[in-house]
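Asker: Please find one structure pasted underneath; my questions will follow.
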Amino acid sequence: MVENRSDTFDVGGEFTVRRLGFGAMRLTGEDIIGPPDDEEAAKDVLERAVDIGVDIVDTADSYGPGVSERLIGEALGDRDDVVVATKGGLLRNADSDWLPHGDPDYLRNAVLASLDRLRTDTIDLYQHHRPDPDTPFEDSVTALAELKDEGQIRQVGLSNVSVEQLDRAREIVDVATVQNEYNVGNRENEDVLQACQEYDIGFIPYFPLGAGDLGEKESVVDDVAAAHDATTQQIALAWLLEHSDVTLPIPGTSSVDHLEQNVAATEIDLTDEQYERLTE
């Protein structure tokens, strides 16, 4: 039986979770707009994830928009054994654009809508999805800090930020997580990961599988995968779990079979030589 065997991390010093989570972006329609073709199948994926030991699920109000959050609320409800992390601060339109919107009043309204869709009284982890060039970053973060003080969210996270922005946010509120793009083939946010390690902040690498493109590391990943009789995706996840104790990969899928393959990556032990080849 497949079981999530990743070790644990304390998110915000409050929630102890297995480090391999699930990203729910793909539980929507094409181009992350509208509902999936089969909503019951999407709920089956969420329920199966929890059954095999996934206890942190990541989403955003812009996925659908609203669809992913609604499905999570319907499938999982307000469970004590699952941390639901969502994000706000991006608008969608019919052209599938992602438009930053960090106005404090908008964020307050977005949190109310997310609470309703997730069927909860308090959001476990709420992340500012992307800094808005038209809104002072400190204003957006202050709004989330106030929402935390008011009890509508438990922990505050950031996404798509620099080290400098992380440091500015930490002057306003305790930051529990940072979610930036990162994988074995893309290390552009290595400095942010290093800062998270220093501060004991969870680092949630989105696109942990590089959306199928691992760049110049692809051939090495293929070699290591062959040695373990594993998929390249499993090796990419195993490397992320090995690379840092604060990484919380959230691979997403709309398939139960693919979900189970991803979770099985937690059973892979890379040799020192394999880890070095993947890292160098």
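Naming scheme: A, B, ... for chains in displayed order of the structure tokens; residues 1 onward per chain; ligands 1 onward as shown.
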Name all residues at most 9 Å from Phe22 in chain A (count only C-alpha atoms; drop same-chain ones fewer than 2 positions away) and give them as an mmCIF file with N, CA, C and O atoms, in the first residue's frame.

Answerer:
data_model
loop_
_atom_site.group_PDB
_atom_site.id
_atom_site.type_symbol
_atom_site.label_atom_id
_atom_site.label_comp_id
_atom_site.auth_asym_id
_atom_site.auth_seq_id
_atom_site.Cartn_x
_atom_site.Cartn_y
_atom_site.Cartn_z
ATOM 1 N N LEU A 20 5.565 16.062 2.113
ATOM 2 C CA LEU A 20 5.009 15.961 0.767
ATOM 3 C C LEU A 20 3.512 16.221 0.839
ATOM 4 O O LEU A 20 2.766 15.466 1.460
ATOM 5 N N ALA A 24 -3.663 21.545 -5.485
ATOM 6 C CA ALA A 24 -4.991 21.312 -6.060
ATOM 7 C C ALA A 24 -5.301 22.192 -7.266
ATOM 8 O O ALA A 24 -6.464 22.300 -7.668
ATOM 9 N N LEU A 46 -8.777 14.089 -3.923
ATOM 10 C CA LEU A 46 -8.559 14.730 -2.626
ATOM 11 C C LEU A 46 -8.725 13.742 -1.479
ATOM 12 O O LEU A 46 -7.905 13.695 -0.549
ATOM 13 N N ALA A 49 -5.821 11.312 -1.410
ATOM 14 C CA ALA A 49 -4.604 11.941 -0.898
ATOM 15 C C ALA A 49 -4.557 11.879 0.621
ATOM 16 O O ALA A 49 -3.534 11.519 1.219
ATOM 17 N N VAL A 54 -1.371 12.280 3.050
ATOM 18 C CA VAL A 54 -1.132 13.688 2.717
ATOM 19 C C VAL A 54 -1.966 14.539 3.666
ATOM 20 O O VAL A 54 -3.183 14.369 3.749
ATOM 21 N N ASP A 55 -1.315 15.455 4.375
ATOM 22 C CA ASP A 55 -2.073 16.255 5.336
ATOM 23 C C ASP A 55 -1.866 17.761 5.173
ATOM 24 O O ASP A 55 -2.207 18.536 6.065
ATOM 25 N N ILE A 56 -1.356 18.181 4.000
ATOM 26 C CA ILE A 56 -1.378 19.599 3.649
ATOM 27 C C ILE A 56 -1.771 19.704 2.182
ATOM 28 O O ILE A 56 -1.161 19.061 1.315
ATOM 29 N N VAL A 57 -2.825 20.456 1.934
ATOM 30 C CA VAL A 57 -3.374 20.636 0.594
ATOM 31 C C VAL A 57 -3.323 22.116 0.262
ATOM 32 O O VAL A 57 -3.803 22.953 1.034
ATOM 33 N N ASP A 58 -2.735 22.432 -0.884
ATOM 34 C CA ASP A 58 -2.541 23.823 -1.281
ATOM 35 C C ASP A 58 -3.464 24.181 -2.446
ATOM 36 O O ASP A 58 -3.609 23.410 -3.396
ATOM 37 N N THR A 59 -4.066 25.359 -2.372
ATOM 38 C CA THR A 59 -4.935 25.835 -3.431
ATOM 39 C C THR A 59 -4.839 27.352 -3.517
ATOM 40 O O THR A 59 -3.922 27.961 -2.964
ATOM 41 N N PRO A 249 7.133 20.078 -0.928
ATOM 42 C CA PRO A 249 6.669 19.964 -2.316
ATOM 43 C C PRO A 249 5.172 19.662 -2.372
ATOM 44 O O PRO A 249 4.644 18.901 -1.559
ATOM 45 N N ILE A 250 4.494 20.230 -3.368
ATOM 46 C CA ILE A 250 3.046 20.042 -3.503
ATOM 47 C C ILE A 250 2.710 19.627 -4.938
ATOM 48 O O ILE A 250 2.025 20.365 -5.656
ATOM 49 N N PRO A 251 3.169 18.459 -5.395
ATOM 50 C CA PRO A 251 2.833 18.049 -6.753
ATOM 51 C C PRO A 251 1.323 17.912 -6.909
ATOM 52 O O PRO A 251 0.633 17.447 -6.013
ATOM 53 N N GLY A 252 0.832 18.352 -8.062
ATOM 54 C CA GLY A 252 -0.596 18.297 -8.311
ATOM 55 C C GLY A 252 -0.935 17.369 -9.450
ATOM 56 O O GLY A 252 -0.116 17.119 -10.338
ATOM 57 N N THR A 253 -2.147 16.848 -9.434
ATOM 58 C CA THR A 253 -2.622 15.947 -10.475
ATOM 59 C C THR A 253 -4.125 15.815 -10.348
ATOM 60 O O THR A 253 -4.691 16.080 -9.279
ATOM 61 N N LEU A 259 -1.326 10.502 -8.454
ATOM 62 C CA LEU A 259 -1.182 10.889 -7.043
ATOM 63 C C LEU A 259 -0.397 9.831 -6.283
ATOM 64 O O LEU A 259 0.551 10.147 -5.545
#

Asker: Which residues are near range 235-246 of chain A? Cut-off 6 Å, only C-alpha atoms, ignore same chain within fewer than 2 positions. Put them as number ranges by chain.

Answerer: A: 202-203, 225, 232-233, 265

Asker: Skipping near chain neighbours, those fewer than 4 positions away, what residues fall within 12 Å of Arg5 in chain A using only C-alpha atoms, listed as an MDAnalysis selection string?

Answerer: chainID A and resid 1 17:21 52:55 238 241 262:269

Asker: Write out, as a tab-separated table, each residue of range 62-119 of chain A that has an atom at most 12 Å from range 140-160 of chain A, together with the closest pair of atoms and their distance in Å to one decimal, counting only C-alpha atoms, rows going by chain and rising number.

Answerer:
residue	atom	partner	partner_atom	distance
A:Val83	CA	A:Arg154	CA	10.5
A:Val84	CA	A:Arg154	CA	10.7
A:Ala85	CA	A:Gly157	CA	8.9
A:Thr86	CA	A:Gly157	CA	9.3
A:Lys87	CA	A:Ser159	CA	8.4
A:Gly88	CA	A:Ser159	CA	9.8
A:Gly89	CA	A:Ser140	CA	8.8
A:Leu90	CA	A:Ser159	CA	11.1
A:Pro100	CA	A:Asn160	CA	11.2
A:His101	CA	A:Ser140	CA	9.3
A:Gly102	CA	A:Ser140	CA	5.5
A:Asp103	CA	A:Ser140	CA	6.3
A:Pro104	CA	A:Ser140	CA	5.3
A:Asp105	CA	A:Ala143	CA	8.0
A:Tyr106	CA	A:Ser140	CA	9.5
A:Leu107	CA	A:Ala143	CA	7.3
A:Arg108	CA	A:Ala143	CA	7.2
A:Asn109	CA	A:Leu147	CA	10.8
A:Ala110	CA	A:Leu144	CA	10.9
A:Val111	CA	A:Gln152	CA	7.7
A:Leu112	CA	A:Gln152	CA	8.3
A:Ala113	CA	A:Gln152	CA	11.4
A:Ser114	CA	A:Gln152	CA	10.3
A:Leu115	CA	A:Gln152	CA	8.1
A:Asp116	CA	A:Gln152	CA	11.4

Asker: Would you list, as a PDB file with N, CA and C atoms, in the first residue's frame, the residues of range 113-202 of chain A that end up in helix (DSSP H, G or I) under DSSP run on this structure's backbone?

Answerer:
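Output saved as part.pdb:
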ATOM      1  N   ALA A 113     -14.660  35.177   1.141  1.00  0.00           N
ATOM      2  CA  ALA A 113     -15.142  34.260   0.110  1.00  0.00           C
ATOM      3  C   ALA A 113     -14.473  32.887   0.247  1.00  0.00           C
ATOM      4  N   SER A 114     -13.175  32.878   0.546  1.00  0.00           N
ATOM      5  CA  SER A 114     -12.468  31.607   0.708  1.00  0.00           C
ATOM      6  C   SER A 114     -12.984  30.842   1.917  1.00  0.00           C
ATOM      7  N   LEU A 115     -13.252  31.530   2.992  1.00  0.00           N
ATOM      8  CA  LEU A 115     -13.821  30.873   4.175  1.00  0.00           C
ATOM      9  C   LEU A 115     -15.120  30.150   3.821  1.00  0.00           C
ATOM     10  N   ASP A 116     -15.948  30.798   3.033  1.00  0.00           N
ATOM     11  CA  ASP A 116     -17.223  30.206   2.652  1.00  0.00           C
ATOM     12  C   ASP A 116     -17.018  28.983   1.766  1.00  0.00           C
ATOM     13  N   ARG A 117     -16.165  29.090   0.755  1.00  0.00           N
ATOM     14  CA  ARG A 117     -15.966  27.966  -0.164  1.00  0.00           C
ATOM     15  C   ARG A 117     -15.294  26.784   0.527  1.00  0.00           C
ATOM     16  N   LEU A 118     -14.370  27.067   1.432  1.00  0.00           N
ATOM     17  CA  LEU A 118     -13.661  25.998   2.138  1.00  0.00           C
ATOM     18  C   LEU A 118     -14.461  25.427   3.300  1.00  0.00           C
ATOM     19  N   PHE A 137       3.538  46.842  -0.914  1.00  0.00           N
ATOM     20  CA  PHE A 137       3.634  45.472  -0.406  1.00  0.00           C
ATOM     21  C   PHE A 137       3.304  45.411   1.081  1.00  0.00           C
ATOM     22  N   GLU A 138       3.803  46.376   1.840  1.00  0.00           N
ATOM     23  CA  GLU A 138       3.545  46.390   3.284  1.00  0.00           C
ATOM     24  C   GLU A 138       2.057  46.498   3.593  1.00  0.00           C
ATOM     25  N   ASP A 139       1.309  47.213   2.762  1.00  0.00           N
ATOM     26  CA  ASP A 139      -0.134  47.334   2.997  1.00  0.00           C
ATOM     27  C   ASP A 139      -0.838  45.990   2.846  1.00  0.00           C
ATOM     28  N   SER A 140      -0.439  45.237   1.824  1.00  0.00           N
ATOM     29  CA  SER A 140      -1.038  43.909   1.617  1.00  0.00           C
ATOM     30  C   SER A 140      -0.723  42.991   2.787  1.00  0.00           C
ATOM     31  N   VAL A 141       0.534  42.975   3.214  1.00  0.00           N
ATOM     32  CA  VAL A 141       0.937  42.091   4.305  1.00  0.00           C
ATOM     33  C   VAL A 141       0.265  42.519   5.614  1.00  0.00           C
ATOM     34  N   THR A 142       0.150  43.813   5.839  1.00  0.00           N
ATOM     35  CA  THR A 142      -0.499  44.298   7.054  1.00  0.00           C
ATOM     36  C   THR A 142      -1.951  43.845   7.116  1.00  0.00           C
ATOM     37  N   ALA A 143      -2.629  43.826   5.970  1.00  0.00           N
ATOM     38  CA  ALA A 143      -4.009  43.355   5.939  1.00  0.00           C
ATOM     39  C   ALA A 143      -4.090  41.901   6.391  1.00  0.00           C
ATOM     40  N   LEU A 144      -3.154  41.076   5.942  1.00  0.00           N
ATOM     41  CA  LEU A 144      -3.157  39.674   6.346  1.00  0.00           C
ATOM     42  C   LEU A 144      -2.804  39.537   7.824  1.00  0.00           C
ATOM     43  N   ALA A 145      -1.894  40.374   8.316  1.00  0.00           N
ATOM     44  CA  ALA A 145      -1.559  40.342   9.734  1.00  0.00           C
ATOM     45  C   ALA A 145      -2.782  40.686  10.588  1.00  0.00           C
ATOM     46  N   GLU A 146      -3.566  41.639  10.126  1.00  0.00           N
ATOM     47  CA  GLU A 146      -4.773  42.022  10.858  1.00  0.00           C
ATOM     48  C   GLU A 146      -5.809  40.897  10.821  1.00  0.00           C
ATOM     49  N   LEU A 147      -5.931  40.243   9.680  1.00  0.00           N
ATOM     50  CA  LEU A 147      -6.859  39.123   9.571  1.00  0.00           C
ATOM     51  C   LEU A 147      -6.443  37.969  10.489  1.00  0.00           C
ATOM     52  N   LYS A 148      -5.139  37.803  10.645  1.00  0.00           N
ATOM     53  CA  LYS A 148      -4.653  36.793  11.588  1.00  0.00           C
ATOM     54  C   LYS A 148      -5.027  37.185  13.014  1.00  0.00           C
ATOM     55  N   ASP A 149      -4.819  38.451  13.361  1.00  0.00           N
ATOM     56  CA  ASP A 149      -5.175  38.919  14.704  1.00  0.00           C
ATOM     57  C   ASP A 149      -6.671  38.756  14.974  1.00  0.00           C
ATOM     58  N   VAL A 163      13.991  37.718  -1.367  1.00  0.00           N
ATOM     59  CA  VAL A 163      14.473  37.728   0.012  1.00  0.00           C
ATOM     60  C   VAL A 163      14.181  39.078   0.651  1.00  0.00           C
ATOM     61  N   GLU A 164      14.374  40.143  -0.104  1.00  0.00           N
ATOM     62  CA  GLU A 164      14.132  41.484   0.429  1.00  0.00           C
ATOM     63  C   GLU A 164      12.676  41.665   0.820  1.00  0.00           C
ATOM     64  N   GLN A 165      11.762  41.161   0.003  1.00  0.00           N
ATOM     65  CA  GLN A 165      10.337  41.262   0.341  1.00  0.00           C
ATOM     66  C   GLN A 165       9.997  40.377   1.537  1.00  0.00           C
ATOM     67  N   LEU A 166      10.601  39.212   1.611  1.00  0.00           N
ATOM     68  CA  LEU A 166      10.396  38.341   2.771  1.00  0.00           C
ATOM     69  C   LEU A 166      10.826  39.056   4.048  1.00  0.00           C
ATOM     70  N   ASP A 167      11.968  39.705   4.014  1.00  0.00           N
ATOM     71  CA  ASP A 167      12.456  40.401   5.201  1.00  0.00           C
ATOM     72  C   ASP A 167      11.533  41.557   5.584  1.00  0.00           C
ATOM     73  N   ARG A 168      11.015  42.259   4.601  1.00  0.00           N
ATOM     74  CA  ARG A 168      10.080  43.357   4.890  1.00  0.00           C
ATOM     75  C   ARG A 168       8.796  42.814   5.516  1.00  0.00           C
ATOM     76  N   ALA A 169       8.322  41.687   5.017  1.00  0.00           N
ATOM     77  CA  ALA A 169       7.104  41.095   5.563  1.00  0.00           C
ATOM     78  C   ALA A 169       7.313  40.622   6.995  1.00  0.00           C
ATOM     79  N   ARG A 170       8.499  40.088   7.275  1.00  0.00           N
ATOM     80  CA  ARG A 170       8.779  39.562   8.609  1.00  0.00           C
ATOM     81  C   ARG A 170       8.818  40.669   9.664  1.00  0.00           C
ATOM     82  N   GLU A 190      17.013  29.929  -5.219  1.00  0.00           N
ATOM     83  CA  GLU A 190      17.858  29.302  -4.194  1.00  0.00           C
ATOM     84  C   GLU A 190      18.098  30.235  -3.015  1.00  0.00           C
ATOM     85  N   ASP A 191      18.267  31.532  -3.281  1.00  0.00           N
ATOM     86  CA  ASP A 191      18.515  32.468  -2.187  1.00  0.00           C
ATOM     87  C   ASP A 191      17.316  32.576  -1.261  1.00  0.00           C
ATOM     88  N   VAL A 192      16.119  32.468  -1.813  1.00  0.00           N
ATOM     89  CA  VAL A 192      14.921  32.508  -0.976  1.00  0.00           C
ATOM     90  C   VAL A 192      14.827  31.238  -0.134  1.00  0.00           C
ATOM     91  N   LEU A 193      15.143  30.104  -0.747  1.00  0.00           N
ATOM     92  CA  LEU A 193      15.162  28.853   0.009  1.00  0.00           C
ATOM     93  C   LEU A 193      16.165  28.934   1.156  1.00  0.00           C
ATOM     94  N   GLN A 194      17.348  29.472   0.894  1.00  0.00           N
ATOM     95  CA  GLN A 194      18.361  29.584   1.939  1.00  0.00           C
ATOM     96  C   GLN A 194      17.880  30.482   3.076  1.00  0.00           C
ATOM     97  N   ALA A 195      17.182  31.554   2.736  1.00  0.00           N
ATOM     98  CA  ALA A 195      16.635  32.439   3.770  1.00  0.00           C
ATOM     99  C   ALA A 195      15.590  31.703   4.603  1.00  0.00           C
ATOM    100  N   CYS A 196      14.756  30.913   3.938  1.00  0.00           N
ATOM    101  CA  CYS A 196      13.743  30.142   4.668  1.00  0.00           C
ATOM    102  C   CYS A 196      14.394  29.141   5.611  1.00  0.00           C
ATOM    103  N   GLN A 197      15.480  28.521   5.163  1.00  0.00           N
ATOM    104  CA  GLN A 197      16.200  27.604   6.053  1.00  0.00           C
ATOM    105  C   GLN A 197      16.714  28.341   7.279  1.00  0.00           C
ATOM    106  N   GLU A 198      17.269  29.521   7.065  1.00  0.00           N
ATOM    107  CA  GLU A 198      17.818  30.304   8.181  1.00  0.00           C
ATOM    108  C   GLU A 198      16.730  30.687   9.176  1.00  0.00           C
ATOM    109  N   TYR A 199      15.535  31.026   8.662  1.00  0.00           N
ATOM    110  CA  TYR A 199      14.460  31.504   9.519  1.00  0.00           C
ATOM    111  C   TYR A 199      13.510  30.387   9.967  1.00  0.00           C
TER     112      TYR A 199
END

Asker: Give me the residues near Ser68 in chain A as a PDB file with N, CA, C and O atoms, in the first residue's frame, where near means some atom within 9 Å (using only C-alpha atoms) and where sequence neighbours in that chain fewer than 6 positions away do not count.

Answerer:
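Result written to out26.pdb:
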ATOM      1  N   ALA A  24      -3.663  21.545  -5.485  1.00  0.00           N
ATOM      2  CA  ALA A  24      -4.991  21.312  -6.060  1.00  0.00           C
ATOM      3  C   ALA A  24      -5.301  22.192  -7.266  1.00  0.00           C
ATOM      4  O   ALA A  24      -6.464  22.300  -7.668  1.00  0.00           O
ATOM      5  N   MET A  25      -4.289  22.804  -7.876  1.00  0.00           N
ATOM      6  CA  MET A  25      -4.545  23.688  -9.009  1.00  0.00           C
ATOM      7  C   MET A  25      -5.181  22.950 -10.178  1.00  0.00           C
ATOM      8  O   MET A  25      -6.025  23.492 -10.894  1.00  0.00           O
ATOM      9  N   ARG A  26      -4.788  21.686 -10.398  1.00  0.00           N
ATOM     10  CA  ARG A  26      -5.250  20.946 -11.569  1.00  0.00           C
ATOM     11  C   ARG A  26      -6.667  20.394 -11.424  1.00  0.00           C
ATOM     12  O   ARG A  26      -7.196  19.817 -12.377  1.00  0.00           O
ATOM     13  N   LEU A  27      -7.288  20.578 -10.275  1.00  0.00           N
ATOM     14  CA  LEU A  27      -8.649  20.080 -10.085  1.00  0.00           C
ATOM     15  C   LEU A  27      -9.661  21.112 -10.568  1.00  0.00           C
ATOM     16  O   LEU A  27     -10.632  21.458  -9.890  1.00  0.00           O
ATOM     17  N   THR A  28      -9.418  21.611 -11.769  1.00  0.00           N
ATOM     18  CA  THR A  28     -10.274  22.620 -12.392  1.00  0.00           C
ATOM     19  C   THR A  28     -10.410  22.271 -13.862  1.00  0.00           C
ATOM     20  O   THR A  28      -9.956  21.228 -14.334  1.00  0.00           O
ATOM     21  N   PRO A  35     -14.964  24.485 -13.893  1.00  0.00           N
ATOM     22  CA  PRO A  35     -14.911  23.199 -13.181  1.00  0.00           C
ATOM     23  C   PRO A  35     -14.273  22.111 -14.032  1.00  0.00           C
ATOM     24  O   PRO A  35     -14.229  22.212 -15.260  1.00  0.00           O
ATOM     25  N   THR A  59      -4.066  25.359  -2.372  1.00  0.00           N
ATOM     26  CA  THR A  59      -4.935  25.835  -3.431  1.00  0.00           C
ATOM     27  C   THR A  59      -4.839  27.352  -3.517  1.00  0.00           C
ATOM     28  O   THR A  59      -3.922  27.961  -2.964  1.00  0.00           O
ATOM     29  N   ALA A  60      -5.779  27.980  -4.229  1.00  0.00           N
ATOM     30  CA  ALA A  60      -5.843  29.440  -4.328  1.00  0.00           C
ATOM     31  C   ALA A  60      -7.227  29.826  -4.807  1.00  0.00           C
ATOM     32  O   ALA A  60      -7.893  29.054  -5.519  1.00  0.00           O
ATOM     33  N   ASP A  61      -7.670  31.024  -4.444  1.00  0.00           N
ATOM     34  CA  ASP A  61      -8.993  31.457  -4.894  1.00  0.00           C
ATOM     35  C   ASP A  61      -9.038  31.669  -6.403  1.00  0.00           C
ATOM     36  O   ASP A  61     -10.100  31.611  -7.026  1.00  0.00           O
ATOM     37  N   SER A  62      -7.887  31.883  -7.027  1.00  0.00           N
ATOM     38  CA  SER A  62      -7.835  32.131  -8.468  1.00  0.00           C
ATOM     39  C   SER A  62      -7.882  30.857  -9.302  1.00  0.00           C
ATOM     40  O   SER A  62      -7.953  30.927 -10.530  1.00  0.00           O
TER      41      SER A  62
END

Asker: Could you please write out, as number ranges by chain, every residue of range 93-271 of chain A that DSSP assigns to strand (DSSP E or B)?

Answerer: A: 98-100, 123-128, 153-159, 175-181, 183, 186, 202-206, 247, 252

Asker: Which residues are near Glu280 in chain A? Cut-off 10 Å, only C-alpha atoms, ignore same chain within fewer than 4 positions. Put them as a list in words.

Answerer: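 My reading of the contact set: Val184, Lys217, Tyr275 and Glu276 of chain A.
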